[in-house]
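Dumped run-v5.cif below, it's mmCIF, N, CA and C atoms:
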data_query
#
loop_
_atom_site.label_atom_id
_atom_site.label_comp_id
_atom_site.auth_asym_id
_atom_site.auth_seq_id
_atom_site.Cartn_x
_atom_site.Cartn_y
_atom_site.Cartn_z
N MET A 26 156.13 255.76 180.90
CA MET A 26 154.81 255.23 180.67
C MET A 26 154.52 254.00 181.52
N GLN A 27 155.57 253.19 181.67
CA GLN A 27 155.34 251.99 182.46
C GLN A 27 155.01 252.32 183.91
N GLY A 28 155.62 253.36 184.51
CA GLY A 28 155.34 253.75 185.88
C GLY A 28 153.89 254.16 186.05
N VAL A 29 153.35 254.84 185.07
CA VAL A 29 151.96 255.27 185.13
C VAL A 29 151.04 254.05 185.04
N SER A 30 151.35 253.16 184.16
CA SER A 30 150.49 251.99 184.01
C SER A 30 150.58 251.11 185.24
N SER A 31 151.72 251.02 185.89
CA SER A 31 151.86 250.25 187.13
C SER A 31 151.04 250.90 188.24
N ASN A 32 151.05 252.23 188.33
CA ASN A 32 150.25 252.93 189.34
C ASN A 32 148.76 252.73 189.07
N GLU A 33 148.40 252.78 187.80
CA GLU A 33 147.00 252.57 187.46
C GLU A 33 146.57 251.15 187.82
N GLU A 34 147.47 250.20 187.58
CA GLU A 34 147.16 248.81 187.93
C GLU A 34 146.97 248.66 189.44
N LYS A 35 147.82 249.32 190.21
CA LYS A 35 147.70 249.26 191.68
C LYS A 35 146.39 249.90 192.14
N LYS A 36 146.03 251.04 191.51
CA LYS A 36 144.76 251.69 191.87
C LYS A 36 143.58 250.80 191.51
N MET A 37 143.64 250.21 190.33
CA MET A 37 142.55 249.32 189.91
C MET A 37 142.44 248.11 190.83
N ALA A 38 143.59 247.58 191.24
CA ALA A 38 143.58 246.43 192.16
C ALA A 38 142.96 246.84 193.49
N LYS A 39 143.30 248.03 193.97
CA LYS A 39 142.73 248.53 195.24
C LYS A 39 141.22 248.71 195.11
N VAL A 40 140.79 249.32 194.00
CA VAL A 40 139.36 249.53 193.77
C VAL A 40 138.64 248.19 193.70
N LEU A 41 139.24 247.23 193.00
CA LEU A 41 138.65 245.90 192.89
C LEU A 41 138.54 245.23 194.26
N GLN A 42 139.58 245.38 195.08
CA GLN A 42 139.54 244.82 196.44
C GLN A 42 138.42 245.46 197.25
N CYS A 43 138.27 246.76 197.16
CA CYS A 43 137.21 247.46 197.90
C CYS A 43 135.83 247.01 197.43
N VAL A 44 135.66 246.87 196.12
CA VAL A 44 134.38 246.43 195.58
C VAL A 44 134.06 245.02 196.05
N LEU A 45 135.05 244.14 196.02
CA LEU A 45 134.85 242.77 196.47
C LEU A 45 134.51 242.72 197.97
N LEU A 46 135.20 243.54 198.75
CA LEU A 46 134.92 243.61 200.19
C LEU A 46 133.49 244.09 200.44
N LEU A 47 133.06 245.12 199.71
CA LEU A 47 131.69 245.62 199.86
C LEU A 47 130.67 244.56 199.44
N LEU A 48 130.96 243.84 198.37
CA LEU A 48 130.05 242.77 197.94
C LEU A 48 129.97 241.67 198.99
N LEU A 49 131.09 241.31 199.58
CA LEU A 49 131.12 240.28 200.62
C LEU A 49 130.32 240.72 201.84
N VAL A 50 130.54 241.95 202.30
CA VAL A 50 129.80 242.47 203.46
C VAL A 50 128.31 242.53 203.14
N GLY A 51 127.96 242.98 201.93
CA GLY A 51 126.56 243.03 201.53
C GLY A 51 125.92 241.66 201.50
N ALA A 52 126.65 240.67 200.97
CA ALA A 52 126.12 239.31 200.91
C ALA A 52 125.91 238.74 202.31
N LEU A 53 126.86 238.97 203.20
CA LEU A 53 126.71 238.49 204.58
C LEU A 53 125.54 239.16 205.28
N SER A 54 125.40 240.45 205.06
CA SER A 54 124.28 241.17 205.68
C SER A 54 122.95 240.68 205.13
N ALA A 55 122.87 240.48 203.84
CA ALA A 55 121.63 240.00 203.24
C ALA A 55 121.33 238.58 203.71
N GLY A 56 122.34 237.77 203.87
CA GLY A 56 122.13 236.40 204.35
C GLY A 56 121.57 236.37 205.76
N CYS A 57 122.03 237.26 206.60
CA CYS A 57 121.53 237.31 207.97
C CYS A 57 120.08 237.76 208.01
N SER A 58 119.70 238.64 207.12
CA SER A 58 118.32 239.13 207.13
C SER A 58 117.34 238.07 206.67
N TRP A 59 117.79 237.03 206.02
CA TRP A 59 116.92 235.96 205.56
C TRP A 59 116.74 234.87 206.59
N MET A 60 117.49 234.95 207.67
CA MET A 60 117.38 233.92 208.70
C MET A 60 116.09 234.10 209.49
N ALA A 61 115.48 233.00 209.86
CA ALA A 61 114.26 233.05 210.67
C ALA A 61 114.60 233.47 212.09
N LEU A 62 113.66 234.11 212.74
CA LEU A 62 113.85 234.50 214.13
C LEU A 62 113.77 233.26 215.02
N PRO A 63 114.60 233.19 216.05
CA PRO A 63 114.56 232.01 216.92
C PRO A 63 113.29 231.99 217.76
N ARG A 64 112.88 230.80 218.15
CA ARG A 64 111.71 230.63 219.01
C ARG A 64 112.08 231.09 220.43
N PRO A 65 111.25 231.95 221.03
CA PRO A 65 111.55 232.38 222.40
C PRO A 65 111.41 231.21 223.38
N ASP A 66 112.16 231.31 224.45
CA ASP A 66 112.15 230.27 225.47
C ASP A 66 110.87 230.36 226.30
N LEU A 67 110.28 229.21 226.60
CA LEU A 67 109.06 229.17 227.41
C LEU A 67 109.31 229.73 228.80
N ALA A 68 110.52 229.57 229.33
CA ALA A 68 110.81 230.03 230.69
C ALA A 68 110.52 231.52 230.88
N ALA A 69 110.77 232.32 229.85
CA ALA A 69 110.51 233.76 229.97
C ALA A 69 109.00 234.02 230.10
N ALA A 70 108.18 233.30 229.35
CA ALA A 70 106.73 233.47 229.45
C ALA A 70 106.23 232.97 230.81
N GLU A 71 106.76 231.83 231.27
CA GLU A 71 106.37 231.31 232.59
C GLU A 71 106.73 232.31 233.69
N ARG A 72 107.93 232.86 233.59
CA ARG A 72 108.40 233.81 234.62
C ARG A 72 107.50 235.06 234.64
N ASP A 73 107.16 235.58 233.48
CA ASP A 73 106.31 236.77 233.44
C ASP A 73 104.92 236.45 233.99
N PHE A 74 104.35 235.33 233.59
CA PHE A 74 103.02 234.94 234.07
C PHE A 74 103.02 234.80 235.59
N SER A 75 103.99 234.08 236.13
CA SER A 75 104.00 233.85 237.58
C SER A 75 104.28 235.14 238.36
N THR A 76 105.11 236.00 237.81
CA THR A 76 105.38 237.28 238.48
C THR A 76 104.11 238.13 238.54
N ARG A 77 103.38 238.15 237.45
CA ARG A 77 102.13 238.92 237.42
C ARG A 77 101.10 238.35 238.39
N LEU A 78 101.05 237.03 238.52
CA LEU A 78 100.15 236.43 239.51
C LEU A 78 100.56 236.86 240.92
N ARG A 79 101.85 236.76 241.21
CA ARG A 79 102.34 237.08 242.55
C ARG A 79 102.03 238.53 242.92
N TRP A 80 102.11 239.44 241.94
CA TRP A 80 101.83 240.85 242.19
C TRP A 80 100.36 241.20 241.98
N LEU A 81 99.51 240.18 241.83
CA LEU A 81 98.06 240.35 241.67
C LEU A 81 97.71 241.19 240.43
N ASP A 82 98.54 241.13 239.42
CA ASP A 82 98.30 241.80 238.14
C ASP A 82 97.58 240.80 237.22
N PHE A 83 96.31 240.58 237.49
CA PHE A 83 95.57 239.55 236.78
C PHE A 83 95.29 239.93 235.33
N SER A 84 95.17 241.22 235.04
CA SER A 84 94.99 241.63 233.65
C SER A 84 96.26 241.34 232.85
N GLY A 85 97.41 241.61 233.45
CA GLY A 85 98.67 241.31 232.79
C GLY A 85 98.88 239.81 232.62
N ALA A 86 98.53 239.06 233.64
CA ALA A 86 98.68 237.59 233.56
C ALA A 86 97.73 237.03 232.51
N ALA A 87 96.55 237.62 232.38
CA ALA A 87 95.55 237.12 231.42
C ALA A 87 96.05 237.20 229.99
N ARG A 88 96.98 238.11 229.70
CA ARG A 88 97.51 238.22 228.34
C ARG A 88 98.25 236.96 227.91
N HIS A 89 98.60 236.10 228.86
CA HIS A 89 99.28 234.86 228.52
C HIS A 89 98.30 233.73 228.16
N LEU A 90 97.02 234.00 228.24
CA LEU A 90 96.01 232.99 227.87
C LEU A 90 95.47 233.30 226.48
N ARG A 91 94.86 232.29 225.89
CA ARG A 91 94.17 232.51 224.62
C ARG A 91 93.11 233.60 224.83
N PRO A 92 92.83 234.41 223.82
CA PRO A 92 91.86 235.50 223.99
C PRO A 92 90.50 235.04 224.52
N GLU A 93 90.04 233.88 224.12
CA GLU A 93 88.72 233.42 224.56
C GLU A 93 88.68 233.02 226.03
N HIS A 94 89.83 232.88 226.68
CA HIS A 94 89.88 232.50 228.10
C HIS A 94 90.26 233.67 229.02
N GLN A 95 90.64 234.78 228.45
CA GLN A 95 91.16 235.89 229.26
C GLN A 95 90.13 236.51 230.19
N GLU A 96 88.93 236.76 229.70
CA GLU A 96 87.91 237.41 230.52
C GLU A 96 87.50 236.54 231.70
N ALA A 97 87.32 235.25 231.46
CA ALA A 97 86.96 234.34 232.56
C ALA A 97 88.07 234.30 233.61
N PHE A 98 89.31 234.35 233.18
CA PHE A 98 90.44 234.37 234.11
C PHE A 98 90.39 235.63 234.99
N ARG A 99 90.19 236.79 234.36
CA ARG A 99 90.12 238.04 235.13
C ARG A 99 88.95 238.03 236.10
N GLU A 100 87.81 237.53 235.66
CA GLU A 100 86.63 237.47 236.54
C GLU A 100 86.85 236.50 237.70
N GLN A 101 87.48 235.39 237.43
CA GLN A 101 87.75 234.39 238.48
C GLN A 101 88.59 235.00 239.60
N PHE A 102 89.63 235.73 239.24
CA PHE A 102 90.50 236.28 240.27
C PHE A 102 89.93 237.55 240.89
N ALA A 103 89.13 238.31 240.16
CA ALA A 103 88.51 239.51 240.71
C ALA A 103 87.52 239.14 241.81
N ALA A 104 86.93 237.96 241.72
CA ALA A 104 85.95 237.51 242.72
C ALA A 104 86.59 237.00 244.00
N LEU A 105 87.90 236.90 244.04
CA LEU A 105 88.60 236.34 245.20
C LEU A 105 89.07 237.45 246.13
N ASP A 106 88.14 238.03 246.89
CA ASP A 106 88.49 239.08 247.85
C ASP A 106 89.42 238.52 248.91
N GLY A 107 90.39 239.34 249.31
CA GLY A 107 91.29 238.95 250.38
C GLY A 107 92.36 237.96 249.96
N LEU A 108 92.53 237.72 248.67
CA LEU A 108 93.54 236.78 248.19
C LEU A 108 94.92 237.43 248.24
N HIS A 109 95.88 236.71 248.79
CA HIS A 109 97.28 237.13 248.81
C HIS A 109 98.12 235.96 248.32
N ILE A 110 98.83 236.18 247.23
CA ILE A 110 99.72 235.15 246.68
C ILE A 110 101.12 235.44 247.20
N THR A 111 101.67 234.49 247.95
CA THR A 111 102.98 234.71 248.57
C THR A 111 104.13 234.22 247.70
N ASP A 112 103.87 233.24 246.85
CA ASP A 112 104.94 232.74 245.99
C ASP A 112 104.33 231.95 244.84
N THR A 113 105.02 231.95 243.73
CA THR A 113 104.66 231.12 242.58
C THR A 113 105.93 230.52 242.02
N ARG A 114 105.83 229.32 241.49
CA ARG A 114 107.00 228.70 240.88
C ARG A 114 106.56 227.61 239.92
N PHE A 115 107.28 227.48 238.85
CA PHE A 115 107.07 226.37 237.94
C PHE A 115 108.00 225.25 238.36
N VAL A 116 107.43 224.06 238.57
CA VAL A 116 108.20 222.96 239.16
C VAL A 116 108.49 221.84 238.16
N GLY A 117 108.06 221.99 236.94
CA GLY A 117 108.36 220.97 235.95
C GLY A 117 107.63 221.25 234.66
N ARG A 118 108.11 220.59 233.61
CA ARG A 118 107.43 220.71 232.32
C ARG A 118 107.68 219.46 231.50
N GLU A 119 106.74 219.23 230.60
CA GLU A 119 106.83 218.05 229.75
C GLU A 119 106.38 218.45 228.35
N GLU A 120 107.23 218.20 227.36
CA GLU A 120 106.87 218.52 225.99
C GLU A 120 105.93 217.45 225.47
N MET A 121 104.77 217.88 225.04
CA MET A 121 103.76 216.94 224.55
C MET A 121 104.00 216.66 223.06
N ASP A 122 104.09 217.70 222.29
CA ASP A 122 104.38 217.67 220.85
C ASP A 122 105.24 218.90 220.59
N PRO A 123 105.88 218.98 219.44
CA PRO A 123 106.61 220.22 219.13
C PRO A 123 105.65 221.41 219.18
N GLY A 124 106.00 222.41 219.97
CA GLY A 124 105.15 223.59 220.11
C GLY A 124 104.08 223.50 221.18
N TYR A 125 104.03 222.36 221.91
CA TYR A 125 103.05 222.17 222.99
C TYR A 125 103.75 221.61 224.22
N ILE A 126 103.64 222.34 225.32
CA ILE A 126 104.32 221.94 226.56
C ILE A 126 103.35 222.07 227.72
N ASP A 127 103.30 221.04 228.56
CA ASP A 127 102.56 221.12 229.82
C ASP A 127 103.56 221.48 230.91
N SER A 128 103.24 222.51 231.68
CA SER A 128 104.11 222.87 232.81
C SER A 128 103.28 222.89 234.09
N ARG A 129 103.96 222.61 235.19
CA ARG A 129 103.29 222.56 236.49
C ARG A 129 103.66 223.80 237.29
N LEU A 130 102.62 224.50 237.71
CA LEU A 130 102.76 225.74 238.48
C LEU A 130 102.28 225.50 239.90
N GLU A 131 103.08 225.91 240.86
CA GLU A 131 102.66 225.89 242.27
C GLU A 131 102.44 227.31 242.73
N ILE A 132 101.33 227.52 243.43
CA ILE A 132 101.00 228.83 243.98
C ILE A 132 100.83 228.69 245.48
N ASP A 133 101.59 229.48 246.24
CA ASP A 133 101.41 229.59 247.69
C ASP A 133 100.56 230.83 247.93
N TYR A 134 99.50 230.68 248.72
CA TYR A 134 98.57 231.79 248.89
C TYR A 134 97.87 231.66 250.24
N TYR A 135 97.26 232.76 250.64
CA TYR A 135 96.28 232.72 251.74
C TYR A 135 95.17 233.68 251.37
N ARG A 136 94.04 233.45 251.99
CA ARG A 136 92.87 234.29 251.72
C ARG A 136 92.29 234.73 253.05
N LEU A 137 92.32 236.04 253.26
CA LEU A 137 91.82 236.60 254.52
C LEU A 137 90.37 236.21 254.74
N PRO A 138 89.95 235.96 255.94
CA PRO A 138 90.59 236.26 257.21
C PRO A 138 91.63 235.22 257.64
N SER A 139 91.76 234.11 256.92
CA SER A 139 92.76 233.11 257.29
C SER A 139 94.15 233.62 256.94
N VAL A 140 95.13 233.24 257.75
CA VAL A 140 96.51 233.56 257.43
C VAL A 140 97.33 232.28 257.23
N THR A 141 96.65 231.18 257.06
CA THR A 141 97.31 229.91 256.79
C THR A 141 97.68 229.85 255.31
N VAL A 142 98.97 229.67 255.05
CA VAL A 142 99.44 229.60 253.66
C VAL A 142 99.15 228.20 253.12
N LYS A 143 98.51 228.17 251.98
CA LYS A 143 98.19 226.91 251.31
C LYS A 143 98.93 226.87 249.98
N THR A 144 99.15 225.67 249.48
CA THR A 144 99.82 225.49 248.19
C THR A 144 98.92 224.70 247.27
N ARG A 145 98.74 225.20 246.06
CA ARG A 145 97.99 224.49 245.02
C ARG A 145 98.89 224.30 243.83
N GLN A 146 98.75 223.17 243.17
CA GLN A 146 99.52 222.91 241.95
C GLN A 146 98.56 222.77 240.77
N PHE A 147 98.94 223.37 239.66
CA PHE A 147 98.14 223.36 238.45
C PHE A 147 99.01 222.89 237.29
N THR A 148 98.38 222.24 236.34
CA THR A 148 99.05 221.94 235.08
C THR A 148 98.51 222.90 234.04
N LEU A 149 99.43 223.61 233.41
CA LEU A 149 99.06 224.57 232.37
C LEU A 149 99.56 224.07 231.03
N ALA A 150 98.69 224.07 230.04
CA ALA A 150 99.05 223.64 228.68
C ALA A 150 99.45 224.87 227.87
N TRP A 151 100.70 224.94 227.48
CA TRP A 151 101.22 226.06 226.70
C TRP A 151 101.32 225.64 225.24
N GLU A 152 101.05 226.59 224.36
CA GLU A 152 101.22 226.37 222.94
C GLU A 152 102.05 227.51 222.35
N TYR A 153 102.85 227.17 221.36
CA TYR A 153 103.64 228.20 220.69
C TYR A 153 102.85 228.74 219.51
N VAL A 154 102.73 230.05 219.45
CA VAL A 154 102.02 230.71 218.35
C VAL A 154 103.09 231.24 217.40
N ASP A 155 103.17 230.62 216.24
CA ASP A 155 104.16 230.98 215.24
C ASP A 155 103.59 232.08 214.35
N LEU A 156 104.29 233.20 214.30
CA LEU A 156 103.83 234.34 213.50
C LEU A 156 104.53 234.42 212.15
N GLY A 157 105.19 233.36 211.78
CA GLY A 157 105.88 233.34 210.49
C GLY A 157 107.35 233.68 210.62
N ARG A 158 107.98 233.72 209.48
CA ARG A 158 109.43 233.88 209.43
C ARG A 158 109.90 235.26 209.87
N TRP A 159 109.09 236.27 209.67
CA TRP A 159 109.54 237.66 209.87
C TRP A 159 109.17 238.24 211.22
N GLN A 160 108.34 237.56 211.98
CA GLN A 160 107.96 238.06 213.30
C GLN A 160 108.19 236.96 214.32
N GLN A 161 108.62 237.37 215.50
CA GLN A 161 108.86 236.39 216.54
C GLN A 161 107.54 235.94 217.16
N GLY A 162 107.36 234.65 217.28
CA GLY A 162 106.16 234.11 217.89
C GLY A 162 106.20 234.24 219.40
N TYR A 163 105.24 233.61 220.06
CA TYR A 163 105.16 233.70 221.51
C TYR A 163 104.47 232.46 222.06
N TRP A 164 104.64 232.25 223.36
CA TRP A 164 103.99 231.15 224.07
C TRP A 164 102.75 231.68 224.77
N ARG A 165 101.68 230.87 224.78
CA ARG A 165 100.48 231.24 225.52
C ARG A 165 99.84 229.98 226.10
N ILE A 166 99.03 230.19 227.12
CA ILE A 166 98.31 229.09 227.77
C ILE A 166 97.08 228.81 226.91
N SER A 167 96.94 227.57 226.49
CA SER A 167 95.91 227.24 225.50
C SER A 167 94.59 226.80 226.11
N THR A 168 94.56 226.51 227.40
CA THR A 168 93.34 226.01 228.03
C THR A 168 92.88 227.01 229.09
N PRO A 169 91.61 226.94 229.51
CA PRO A 169 91.16 227.81 230.59
C PRO A 169 91.96 227.55 231.86
N PHE A 170 92.14 228.59 232.65
CA PHE A 170 92.86 228.42 233.92
C PHE A 170 91.99 227.60 234.86
N PRO A 171 92.58 226.61 235.55
CA PRO A 171 91.78 225.77 236.47
C PRO A 171 91.15 226.61 237.58
N GLU A 172 90.10 226.08 238.16
CA GLU A 172 89.42 226.77 239.25
C GLU A 172 90.37 226.98 240.43
N PHE A 173 90.33 228.17 240.98
CA PHE A 173 91.24 228.54 242.08
C PHE A 173 90.47 229.34 243.10
N PRO A 174 90.68 229.22 244.37
CA PRO A 174 91.47 228.20 245.07
C PRO A 174 90.74 226.95 245.26
#

Now that the file is in, can you turn its structure into C-alpha cells?
Amino acid sequence: MQGVSSNEEKKMAKVLQCVLLLLLVGALSAGCSWMALPRPDLAAAERDFSTRLRWLDFSGAARHLRPEHQEAFREQFAALDGLHITDTRFVGREEMDPGYIDSRLEIDYYRLPSVTVKTRQFTLAWEYVDLGRWQQGYWRISTPFPEFP
C-alpha cells in the first residue's frame, strides 16, 4: 500500500508542478499584454517623409502632415513643373516639449530649365499623436509645409 501511495504522491507532485508552471507562463503572458506599446522613433517618420519627397511621391509625403494641411501640400508641389529633388536630409532636431519636436530638413533640388542645384532648409514641427495604450501612435508634421522653392 505504501508503494502505491508514494507513486500517487509523485504523480500529484508532478501534476502540481505542471499546473504551477502553466499558471506562471499564463501570468507572464498576461502581464506582457498589459504593457503599453512603445512610442515609435521620429527618425523613421523623417526617413519616410524625405524618401517620398526625393522620389516625388507628394501624396505619400502628404500623409505625414495634419489632414487639414495635406491638400495644400499636394497642390503646392503639383504646381512645380520641372522640379527634381536630388537629395533630402534631416540635419538636426530639437525637442520643444514632450511629444513635440522641431527638425531641420535640407532639400537639394533643381527646376528645369535650370540645372543648377540649390539647397533650401526648412524647420518642420512634428507632433506625436497618441492613440492610447492599445494602439501605436505616430509622428506627423503639425504645421503647413513652408513655401517651396

Under the PyMOL selection byres (((chain A and resi 129-133 and name CA) around 6) and name CA), which residues of this model are included? Write them out as a PDB file with N, CA and C atoms, in the frame of the given file.
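Below is the file that was written, out_24.pdb:
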ATOM      1  N   ILE A 110      98.830 236.180 247.230  1.00  0.00           N
ATOM      2  CA  ILE A 110      99.720 235.150 246.680  1.00  0.00           C
ATOM      3  C   ILE A 110     101.120 235.440 247.200  1.00  0.00           C
ATOM      4  N   THR A 111     101.670 234.490 247.950  1.00  0.00           N
ATOM      5  CA  THR A 111     102.980 234.710 248.570  1.00  0.00           C
ATOM      6  C   THR A 111     104.130 234.220 247.700  1.00  0.00           C
ATOM      7  N   ASP A 112     103.870 233.240 246.850  1.00  0.00           N
ATOM      8  CA  ASP A 112     104.940 232.740 245.990  1.00  0.00           C
ATOM      9  C   ASP A 112     104.330 231.950 244.840  1.00  0.00           C
ATOM     10  N   THR A 113     105.020 231.950 243.730  1.00  0.00           N
ATOM     11  CA  THR A 113     104.660 231.120 242.580  1.00  0.00           C
ATOM     12  C   THR A 113     105.930 230.520 242.020  1.00  0.00           C
ATOM     13  N   ARG A 114     105.830 229.320 241.490  1.00  0.00           N
ATOM     14  CA  ARG A 114     107.000 228.700 240.880  1.00  0.00           C
ATOM     15  C   ARG A 114     106.560 227.610 239.920  1.00  0.00           C
ATOM     16  N   PHE A 115     107.280 227.480 238.850  1.00  0.00           N
ATOM     17  CA  PHE A 115     107.070 226.370 237.940  1.00  0.00           C
ATOM     18  C   PHE A 115     108.000 225.250 238.360  1.00  0.00           C
ATOM     19  N   VAL A 116     107.430 224.060 238.570  1.00  0.00           N
ATOM     20  CA  VAL A 116     108.200 222.960 239.160  1.00  0.00           C
ATOM     21  C   VAL A 116     108.490 221.840 238.160  1.00  0.00           C
ATOM     22  N   GLY A 117     108.060 221.990 236.940  1.00  0.00           N
ATOM     23  CA  GLY A 117     108.360 220.970 235.950  1.00  0.00           C
ATOM     24  C   GLY A 117     107.630 221.250 234.660  1.00  0.00           C
ATOM     25  N   SER A 128     103.240 222.510 231.680  1.00  0.00           N
ATOM     26  CA  SER A 128     104.110 222.870 232.810  1.00  0.00           C
ATOM     27  C   SER A 128     103.280 222.890 234.090  1.00  0.00           C
ATOM     28  N   TYR A 134      99.500 230.680 248.720  1.00  0.00           N
ATOM     29  CA  TYR A 134      98.570 231.790 248.890  1.00  0.00           C
ATOM     30  C   TYR A 134      97.870 231.660 250.240  1.00  0.00           C
ATOM     31  N   LYS A 143      98.510 228.170 251.980  1.00  0.00           N
ATOM     32  CA  LYS A 143      98.190 226.910 251.310  1.00  0.00           C
ATOM     33  C   LYS A 143      98.930 226.870 249.980  1.00  0.00           C
ATOM     34  N   THR A 144      99.150 225.670 249.480  1.00  0.00           N
ATOM     35  CA  THR A 144      99.820 225.490 248.190  1.00  0.00           C
ATOM     36  C   THR A 144      98.920 224.700 247.270  1.00  0.00           C
ATOM     37  N   ARG A 145      98.740 225.200 246.060  1.00  0.00           N
ATOM     38  CA  ARG A 145      97.990 224.490 245.020  1.00  0.00           C
ATOM     39  C   ARG A 145      98.890 224.300 243.830  1.00  0.00           C
ATOM     40  N   GLN A 146      98.750 223.170 243.170  1.00  0.00           N
ATOM     41  CA  GLN A 146      99.520 222.910 241.950  1.00  0.00           C
ATOM     42  C   GLN A 146      98.560 222.770 240.770  1.00  0.00           C
ATOM     43  N   PHE A 147      98.940 223.370 239.660  1.00  0.00           N
ATOM     44  CA  PHE A 147      98.140 223.360 238.450  1.00  0.00           C
ATOM     45  C   PHE A 147      99.010 222.890 237.290  1.00  0.00           C
ATOM     46  N   THR A 148      98.380 222.240 236.340  1.00  0.00           N
ATOM     47  CA  THR A 148      99.050 221.940 235.080  1.00  0.00           C
ATOM     48  C   THR A 148      98.510 222.900 234.040  1.00  0.00           C
TER      49      THR A 148
END

Taking the file as shown, find all residues satisfying the PyMOL selection byres (((chain A and resi 163 and name CA) around 8) and name CA) and write them as a PyMOL selection string.
chain A and resi 64-65+153-155+161-162+164-165

In chain A, DSSP alpha helix (DSSP H) residues written as a VMD selection string
chain A and resid 27 to 58 67 to 79 83 to 87 92 to 103

Length of the atom C of Pro169 (chain A) to atom C of Asp82 (chain A) vector [Å]:
15.4 Å

Would you work out the distance separating atom N of Ser75 (chain A) from CA of Pro123 (chain A), expressed in Å to one decimal?
22.1 Å

Distance atom N of Asp127 (chain A)-atom N of Ala104 (chain A), one decimal place?
27.0 Å

When the PyMOL selection byres (((chain A and resi 88-90 and name CA) around 10) and name CA) is applied to the file above, which residues end up in the set, as a VMD selection string?
chain A and resid 70 to 71 73 to 74 83 to 87 91 to 96 98 150 to 152 163 to 170

Export of the given selection (N, CA and C atoms) as a compact mmCIF listing (two decimals), keeping the file's coordinate frame:
# COMPACT_ATOMS: atom_id res chain seq x y z
N ALA A 70 108.18 233.30 229.35
CA ALA A 70 106.73 233.47 229.45
C ALA A 70 106.23 232.97 230.81
N GLU A 71 106.76 231.83 231.27
CA GLU A 71 106.37 231.31 232.59
C GLU A 71 106.73 232.31 233.69
N ASP A 73 107.16 235.58 233.48
CA ASP A 73 106.31 236.77 233.44
C ASP A 73 104.92 236.45 233.99
N PHE A 74 104.35 235.33 233.59
CA PHE A 74 103.02 234.94 234.07
C PHE A 74 103.02 234.80 235.59
N PHE A 83 96.31 240.58 237.49
CA PHE A 83 95.57 239.55 236.78
C PHE A 83 95.29 239.93 235.33
N SER A 84 95.17 241.22 235.04
CA SER A 84 94.99 241.63 233.65
C SER A 84 96.26 241.34 232.85
N GLY A 85 97.41 241.61 233.45
CA GLY A 85 98.67 241.31 232.79
C GLY A 85 98.88 239.81 232.62
N ALA A 86 98.53 239.06 233.64
CA ALA A 86 98.68 237.59 233.56
C ALA A 86 97.73 237.03 232.51
N ALA A 87 96.55 237.62 232.38
CA ALA A 87 95.55 237.12 231.42
C ALA A 87 96.05 237.20 229.99
N ARG A 91 94.86 232.29 225.89
CA ARG A 91 94.17 232.51 224.62
C ARG A 91 93.11 233.60 224.83
N PRO A 92 92.83 234.41 223.82
CA PRO A 92 91.86 235.50 223.99
C PRO A 92 90.50 235.04 224.52
N GLU A 93 90.04 233.88 224.12
CA GLU A 93 88.72 233.42 224.56
C GLU A 93 88.68 233.02 226.03
N HIS A 94 89.83 232.88 226.68
CA HIS A 94 89.88 232.50 228.10
C HIS A 94 90.26 233.67 229.02
N GLN A 95 90.64 234.78 228.45
CA GLN A 95 91.16 235.89 229.26
C GLN A 95 90.13 236.51 230.19
N GLU A 96 88.93 236.76 229.70
CA GLU A 96 87.91 237.41 230.52
C GLU A 96 87.50 236.54 231.70
N PHE A 98 89.31 234.35 233.18
CA PHE A 98 90.44 234.37 234.11
C PHE A 98 90.39 235.63 234.99
N ALA A 150 98.69 224.07 230.04
CA ALA A 150 99.05 223.64 228.68
C ALA A 150 99.45 224.87 227.87
N TRP A 151 100.70 224.94 227.48
CA TRP A 151 101.22 226.06 226.70
C TRP A 151 101.32 225.64 225.24
N GLU A 152 101.05 226.59 224.36
CA GLU A 152 101.22 226.37 222.94
C GLU A 152 102.05 227.51 222.35
N TYR A 163 105.24 233.61 220.06
CA TYR A 163 105.16 233.70 221.51
C TYR A 163 104.47 232.46 222.06
N TRP A 164 104.64 232.25 223.36
CA TRP A 164 103.99 231.15 224.07
C TRP A 164 102.75 231.68 224.77
N ARG A 165 101.68 230.87 224.78
CA ARG A 165 100.48 231.24 225.52
C ARG A 165 99.84 229.98 226.10
N ILE A 166 99.03 230.19 227.12
CA ILE A 166 98.31 229.09 227.77
C ILE A 166 97.08 228.81 226.91
N SER A 167 96.94 227.57 226.49
CA SER A 167 95.91 227.24 225.50
C SER A 167 94.59 226.80 226.11
N THR A 168 94.56 226.51 227.40
CA THR A 168 93.34 226.01 228.03
C THR A 168 92.88 227.01 229.09
N PRO A 169 91.61 226.94 229.51
CA PRO A 169 91.16 227.81 230.59
C PRO A 169 91.96 227.55 231.86
N PHE A 170 92.14 228.59 232.65
CA PHE A 170 92.86 228.42 233.92
C PHE A 170 91.99 227.60 234.86

Residues of chain A in strand (DSSP E) according to DSSP, as a PyMOL selection string?
chain A and resi 108-122+125-136+143-154+163-166

So, with all atoms listed in the file as the atoms that count, which of A:Gln101, A:His109, A:Arg158, A:Met121 lies closest to Tyr135 (chain A)?
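That would be A:His109, the residue with the smallest distance to Tyr135 (chain A).
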
Pick from A:Arg118, A:Arg136, A:Lys36, A:Arg72: nearest to Asp106 (chain A), with all atoms listed in the file counted?
A:Arg136
